[in-house]
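Novice: Once you've had a glance at the structure underneath, I'll fire off some questions.
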Amino acid sequence: MERIRRILPTVTAVLLILIVWQIWVSRAGISPNVLPSPIAIGQALVDSWPSLWPAAQVTALESFVGFVLAIACGIALGMAFYVSRTLKSALFPLLYAAQTMPLISIAPLFLIWFGFDISGKIIIVAIFGLFPIAVQTIRGLEAVPRFYTDVALTCGASNAWTLWHVKLRVAARHIFGGIRISAAYTVATAATAEYLGSRSGLGIWLQAAYNSFRTPLVFCATIVIIAMTCVLLATVNASELLLIGPASDDEDPDADQL
């Protein structure tokens, strides 16, 4: 019941928007090529599913593999920057500069280097996804209270063991925050990279729909991208819950008595 109470306002708001949208388009007589109704979009989604599903599978593959690489590289870079201040001073500004570059200026280079294969899209997703993970890894490690390290070292643990088994565990909540931020943009990044140059995927499917002025299909691709992003975010949340438990476990049970 608590979960239902949390999601009920969102579901109600979405239903009201869809109802108002449907009535407004029907009463105003707006052309489907300008703004299709929710019913027209749903019908287009059903009719186009045989061609939309294979394109979604390609984008899902690029998003998943690139996202996994972003997690691994982001955590590794964050740990390296935390351990070596010199490395952080030398490379972190370059990593930050890479994130400020627009995708439209990088995609042509990857087309030249990797062609229209999915490998280039995977690398683009990984590059654009690792920055928030690396930043949150650094912040999480720096926020670990000193007494955790002191206790581990006093018990005979090495610095490397303390970093892997103590600090990373305490910083895990921050790291998952960065992973969640990265997940929110992963599928959209893959689709945009496909739109700029690819053989298949939602980006190419979206481009074909736009070039043929089939607006309902544009909404169909958008719905699939949103749905895939929600699935990815739900997977991240479930992984966080399984690995480190709910956020309430981090609270001090004696805090109210102080």
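Quick note on naming: the chains in the structure tokens go A, B, ... in the order shown, residues restart at 1 in each chain, and ligands are numbered from 1 in order of appearance.
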Might you pull out every residue within 10 Å of Ser37 of chain A, with only C-alpha atoms counted and same-chain residues fewer than 3 positions away left off, and present them as a ChimeraX atom specification?
Specialist: /A:18-19,21-26,30-32,34,40-43,216
Novice: I want to know what sits within 12 Å of Ala209 of chain A, based on only C-alpha atoms, with residues of the same chain fewer than 6 positions away left out; could you give that as a list in words?
Specialist: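 Using only C-alpha atoms, the neighbours found are Asn33, Ala44, Ser48, Ser51, Leu52, Tyr195, Leu202, Gly203, Thr215, Pro216, Leu217, Val218, Phe219, Cys220, Ala221 and Thr222 of chain A.
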Novice: Measure the distance from atom CA of Cys73 of chain A to atom CA of Ala134 of chain A in Å and round it to one decimal.
Specialist: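 Between these atoms lies a distance of 7.9 Å.
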Novice: For segment 91-116 of chain A versus segment 122-126 of chain A, which residues have an atom no more than 10 Å away, and what is each residue's nearest atom pair and distance in Å rounded to one decimal, using only C-alpha atoms, chain-then-number order, as CSV?
Specialist:
residue,atom,partner,partner_atom,distance
A:Leu103,CA,A:Ile124,CA,8.5
A:Ile106,CA,A:Ile124,CA,8.4
A:Ala107,CA,A:Ile124,CA,7.8
A:Phe110,CA,A:Ile124,CA,8.0
A:Phe114,CA,A:Ile123,CA,9.8
Novice: Please provide the set of residues having any atom within 10 Å of segment 150-166 of chain A, restricted to only C-alpha atoms, with same-chain residues fewer than 6 positions apart removed, written as a PDB file with all heavy atoms, in the first residue's frame.
Specialist:
ATOM      1  N   MET A  79      38.878   5.797  -8.544  1.00  0.00           N
ATOM      2  CA  MET A  79      39.816   5.271  -7.554  1.00  0.00           C
ATOM      3  C   MET A  79      41.236   5.747  -7.841  1.00  0.00           C
ATOM      4  O   MET A  79      41.984   6.102  -6.924  1.00  0.00           O
ATOM      5  CB  MET A  79      39.757   3.744  -7.558  1.00  0.00           C
ATOM      6  CG  MET A  79      38.444   3.173  -7.063  1.00  0.00           C
ATOM      7  SD  MET A  79      38.372   1.377  -7.226  1.00  0.00           S
ATOM      8  CE  MET A  79      39.734   0.896  -6.144  1.00  0.00           C
ATOM      9  N   VAL A  83      43.551   8.018  -5.344  1.00  0.00           N
ATOM     10  CA  VAL A  83      44.833   7.542  -4.821  1.00  0.00           C
ATOM     11  C   VAL A  83      45.963   8.488  -5.205  1.00  0.00           C
ATOM     12  O   VAL A  83      46.850   8.784  -4.401  1.00  0.00           O
ATOM     13  CB  VAL A  83      45.121   6.112  -5.336  1.00  0.00           C
ATOM     14  CG1 VAL A  83      46.531   5.679  -4.973  1.00  0.00           C
ATOM     15  CG2 VAL A  83      44.106   5.135  -4.757  1.00  0.00           C
ATOM     16  N   LEU A 141      34.644   8.434  -1.954  1.00  0.00           N
ATOM     17  CA  LEU A 141      35.848   8.024  -1.236  1.00  0.00           C
ATOM     18  C   LEU A 141      36.360   9.137  -0.330  1.00  0.00           C
ATOM     19  O   LEU A 141      36.831   8.879   0.783  1.00  0.00           O
ATOM     20  CB  LEU A 141      36.928   7.613  -2.234  1.00  0.00           C
ATOM     21  CG  LEU A 141      36.659   6.320  -3.024  1.00  0.00           C
ATOM     22  CD1 LEU A 141      37.720   6.111  -4.102  1.00  0.00           C
ATOM     23  CD2 LEU A 141      36.613   5.120  -2.085  1.00  0.00           C
ATOM     24  N   VAL A 144      34.421   9.372   3.043  1.00  0.00           N
ATOM     25  CA  VAL A 144      34.498   8.285   4.025  1.00  0.00           C
ATOM     26  C   VAL A 144      35.138   8.813   5.310  1.00  0.00           C
ATOM     27  O   VAL A 144      36.239   9.375   5.271  1.00  0.00           O
ATOM     28  CB  VAL A 144      35.317   7.102   3.466  1.00  0.00           C
ATOM     29  CG1 VAL A 144      35.500   6.018   4.539  1.00  0.00           C
ATOM     30  CG2 VAL A 144      34.626   6.517   2.249  1.00  0.00           C
ATOM     31  N   ALA A 172      29.836   3.341  -1.495  1.00  0.00           N
ATOM     32  CA  ALA A 172      28.998   2.704  -2.516  1.00  0.00           C
ATOM     33  C   ALA A 172      27.741   3.512  -2.815  1.00  0.00           C
ATOM     34  O   ALA A 172      27.287   3.566  -3.961  1.00  0.00           O
ATOM     35  CB  ALA A 172      28.634   1.293  -2.075  1.00  0.00           C
TER      36      ALA A 172
END
Novice: Using only C-alpha atoms, which of A:Val20, A:Ala193, A:Leu241, A:Cys230 sits nearest Phe116 of chain A?
Specialist: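 The shortest atom-to-atom distance to Phe116 of chain A comes from A:Ala193.
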Novice: Between A:Gln99, A:Asn237, A:Ser200, A:Gln207, which one has atoms that come closest to Trp53 of chain A, using only C-alpha atoms?
Specialist: A:Ser200
Novice: Determine which residues of segment 94-198 of chain A DSSP labels as alpha helix (DSSP H) from the backbone of this structure, then write them out as a ChimeraX atom specification.
Specialist: /A:94-100,103-114,118-142,146-154,159-162,168-170,172-196
